[in-house]
Amino acid sequence: MTLRTRATDLLGIRHPIVQGGLARVAGAELAAAVSNAGGLGQIATAGLADVAALRAEIRRCRDLTPNPFAVNFPIGRGDIWPALEATLEEGVRLIALTAGNPAPYIKRCLEVGAKTIVLTAGPELARKAEAAGADIVATVGYEGGGHIGRSDETTLVMVPRVVAAVKIPVLASGGIATGAGLLAALALGAEGVEMGTRFVATAEARAHPAYKQALAEAAPADTMLIKRTLGMPGRVLRSPHAEAIVAAEAAGGDVVPMIAGAMNARGTDEGDLACSYVWAGQCVGLIDQVEPAGEIVARMVAEAEAGLARLDAMRG
Ligand SMILES: Cc1cc2nc3c(=O)[nH]c(=O)nc-3n(C[C@H](O)[C@H](O)[C@H](O)COP(=O)(O)O)c2cc1C
């Protein structure tokens with residue numbers, strides 16, 4: 001079965017499942033595995049050493065899949081222009097933008113015919129992205145892993161509000177890890193899903209085995225928010241270090257060294273989960289094992305199909 005939407009048509013994919021940009025974690029292998037399964041994989045630029053490393057990832061991904069994939073750019077952490085220009089030069093025509101004003105980058109993508117997916121959190125930002133020329137918006141709710149919006153608005157409430165606010169296709173993000181979640185997102189008016197945490201717990205993700213296994217074992221309450229007082233809330237796995245960040249925030253201390261990228265790398269790459277922070281969403285409660293990414297995509301589609309049949313049988 002394929003679930004065809006405007007998003008699948010725009011992105012040139014078979015299934016409305018997009019792997020989110022995953023800082024440090026999403027390289028060529030993960031992106032290609034998702035794209036080979038009929039979803040859309042993304043290479044994360046966050047965590048890559050330099051533009052040469054990005055070019056190498058793009059070329060490797062192209063060797064691993066004939067299908068489209070995207071490159072993901074968090075805005076506002078340094079100058080992304082050189083990496084964006086290199087990506088366009090490499091022929092990538094799907095660009096994902098998040099965490100800042102996407103307008104100048106969308107303009108550049110429009111000039112070369114590249115399509116843009118903008119990750120937002122709520123109707124206001126989605127409207128701005130649409131006005132700037134974005135092709136698709138993803139909107140991430142409170143349940144989500146990594147950086148989320150400031151409104152504490154859940155995916156269930158946020159998605160229909162964003163769908164009502166814009167004309168372009170919307171991807172639901174935050175808390176989705178199963179075919180039932182995909183079906184629910186489509187029922188809310190989304191035309192696909194964008195998933196992060198589920199794809200960290202995969203064979204192809206570049207994350208330490210201890211991090212992946214912790215996601216498989218965690219319950220939703222084992223996640224918590226950090227960086228709220230900085231206006232950049234992000235959901236992580238609960239750990240002594242994450243608790244110390246929140247305590248330092250409450251005390252008005254200097255948290256900058258505690259939230260540095262190196263502290264994230266300590267958990268993500270080295271598996272020292274107690275003395276670091278690693279991103280994770282509440283959908284950890286729906287993950288019970290580390291699996292190949294392609295199997296997740298295939299199972300989600302089958303589950304969505306079964307769910308549709310179940311709903312259909314309810315009609316009186
Ligand atoms: C480990 C991790 C790293 C992330 N890094 C990025 C990133 O670099 N760029 C981005 O757009 N989103 C990033 N996100 C957010 C995801 O793309 C996605 O929006 C979010 O995980 C959705 O919620 P879920 O985890 O419940 O699926 C990250 C999420 C996680 C879990």
# chains A, B, ... in the order shown; residues from 1 in each chain; ligands from 1
call {"tool": "residues_near_ligand", "arguments": {"ligand": "ligand 1", "cutoff": "9 Å", "atoms": "only C-alpha atoms and all ligand atoms", "output": "count of residues only"}}
result
60
call {"tool": "select_by_dssp", "arguments": {"residues": "region 230-315 of chain A", "states": "strand (DSSP E or B)", "output": "PyMOL selection string"}}
result
chain A and resi 234-237+279+291
call {"tool": "write_last_selection", "arguments": {"atoms": "N, CA and C atoms", "output": "PDB file, in the first residue's frame"}}
result
ATOM      1  N   GLY A 234      14.229  21.865  25.229  1.00  0.00           N
ATOM      2  CA  GLY A 234      14.564  20.657  24.477  1.00  0.00           C
ATOM      3  C   GLY A 234      14.332  19.439  25.352  1.00  0.00           C
ATOM      4  N   ARG A 235      13.814  18.376  24.751  1.00  0.00           N
ATOM      5  CA  ARG A 235      13.506  17.166  25.530  1.00  0.00           C
ATOM      6  C   ARG A 235      14.647  16.164  25.432  1.00  0.00           C
ATOM      7  N   VAL A 236      15.074  15.708  26.600  1.00  0.00           N
ATOM      8  CA  VAL A 236      16.223  14.790  26.709  1.00  0.00           C
ATOM      9  C   VAL A 236      15.847  13.586  27.568  1.00  0.00           C
ATOM     10  N   LEU A 237      16.717  12.587  27.568  1.00  0.00           N
ATOM     11  CA  LEU A 237      16.581  11.491  28.527  1.00  0.00           C
ATOM     12  C   LEU A 237      16.970  12.020  29.898  1.00  0.00           C
ATOM     13  N   TRP A 279      19.186  13.778  23.416  1.00  0.00           N
ATOM     14  CA  TRP A 279      17.818  14.128  23.030  1.00  0.00           C
ATOM     15  C   TRP A 279      16.937  12.880  22.956  1.00  0.00           C
ATOM     16  N   GLU A 291      16.152  -1.372  15.813  1.00  0.00           N
ATOM     17  CA  GLU A 291      15.813  -2.106  14.588  1.00  0.00           C
ATOM     18  C   GLU A 291      16.391  -1.419  13.370  1.00  0.00           C
TER      19      GLU A 291
END
call {"tool": "residues_around", "arguments": {"residues": "Ala52 (chain A)", "least_positions_apart": "5", "cutoff": "10 Å", "atoms": "only C-alpha atoms", "output": "list in words"}}
result
Glu57, Ile58, Ala83 and Ala86 of chain A
call {"tool": "residues_around", "arguments": {"residues": "Glu111 (chain A)", "least_positions_apart": "4", "cutoff": "12 Å", "atoms": "only C-alpha atoms", "output": "number ranges by chain"}}
result
A: 85, 88, 93, 104-107, 115-116, 133
call {"tool": "write_last_selection", "arguments": {"atoms": "N, CA and C atoms", "output": "short mmCIF file (atom, residue, chain, number, x, y, z; two decimals), in the first residue's frame"}}
result
data_model
loop_
_atom_site.label_atom_id
_atom_site.label_comp_id
_atom_site.auth_asym_id
_atom_site.auth_seq_id
_atom_site.Cartn_x
_atom_site.Cartn_y
_atom_site.Cartn_z
N GLU A 85 25.30 26.27 0.24
CA GLU A 85 25.76 26.38 -1.16
C GLU A 85 26.40 25.08 -1.62
N LEU A 88 23.68 22.53 -2.38
CA LEU A 88 23.00 22.80 -3.66
C LEU A 88 23.93 22.45 -4.82
N ARG A 93 18.22 18.70 -3.84
CA ARG A 93 17.13 19.63 -4.11
C ARG A 93 16.01 19.58 -3.07
N PRO A 104 15.76 33.97 4.11
CA PRO A 104 16.82 34.15 3.10
C PRO A 104 17.25 32.83 2.44
N TYR A 105 17.20 31.78 3.20
CA TYR A 105 17.63 30.47 2.67
C TYR A 105 16.57 29.89 1.72
N ILE A 106 15.31 30.11 2.07
CA ILE A 106 14.23 29.66 1.18
C ILE A 106 14.36 30.40 -0.16
N LYS A 107 14.64 31.70 -0.07
CA LYS A 107 14.77 32.51 -1.29
C LYS A 107 15.84 31.91 -2.21
N LYS A 115 13.40 22.42 -3.14
CA LYS A 115 12.21 22.50 -2.28
C LYS A 115 12.64 22.56 -0.82
N THR A 116 11.81 23.24 -0.02
CA THR A 116 12.17 23.41 1.39
C THR A 116 11.10 22.85 2.32
N GLY A 133 7.79 31.26 1.45
CA GLY A 133 7.91 30.42 0.26
C GLY A 133 8.22 28.96 0.53
#
call {"tool": "select_by_dssp", "arguments": {"residues": "region 38-67 of chain A", "states": "helix (DSSP H, G or I)", "output": "list in words"}}
result
Val51, Ala52, Ala53, Leu54, Arg55, Ala56, Glu57, Ile58, Arg59, Arg60, Cys61, Arg62, Asp63 and Leu64 of chain A
call {"tool": "residues_around", "arguments": {"residues": "Lys128 (chain A)", "least_positions_apart": "5", "cutoff": "12 Å", "atoms": "only C-alpha atoms", "output": "list in words"}}
result
Gly100, Asn101, Pro102, Ala103, Ile106, Val118, Leu119, Thr120, Ala121, Gly122, Pro123, Gly133, Ala134, Ile136, Val137, Val162, Ala165, Val166 and Ile168 of chain A
call {"tool": "residues_around", "arguments": {"residues": "Glu191 (chain A)", "least_positions_apart": "5", "cutoff": "9 Å", "atoms": "only C-alpha atoms", "output": "ChimeraX atom specification"}}
result
/A:4-8,16,169-172,185-186
call {"tool": "closest_residue", "arguments": {"among": "A:Pro209, A:Gly27, A:Pro220, A:Pro257", "to": "Arg238 (chain A)", "atoms": "only C-alpha atoms"}}
result
A:Pro220
call {"tool": "residues_around", "arguments": {"residues": "Tyr277 (chain A)", "least_positions_apart": "3", "cutoff": "10 Å", "atoms": "only C-alpha atoms", "output": "list in words"}}
result
Ile226, Arg235, Val236, Leu237, Arg238, Ser239, Pro240, His241, Ala242, Glu243, Ile245, Met258, Ile259, Ala260, Gly261, Ala262, Met263, Asn264, Ala265, Arg266, Gly267, Thr268, Asp272, Leu273, Ala274 and Ala280 of chain A
call {"tool": "atom_distance", "arguments": {"atom1": "CA of Ala216 (chain A)", "atom2": "CA of Gly271 (chain A)"}}
result
14.4 Å
call {"tool": "atom_distance", "arguments": {"atom1": "CA of Ala205 (chain A)", "atom2": "CA of Leu54 (chain A)"}}
result
16.3 Å
call {"tool": "atom_distance", "arguments": {"atom1": "CA of Leu48 (chain A)", "atom2": "CA of Glu29 (chain A)"}}
result
14.4 Å
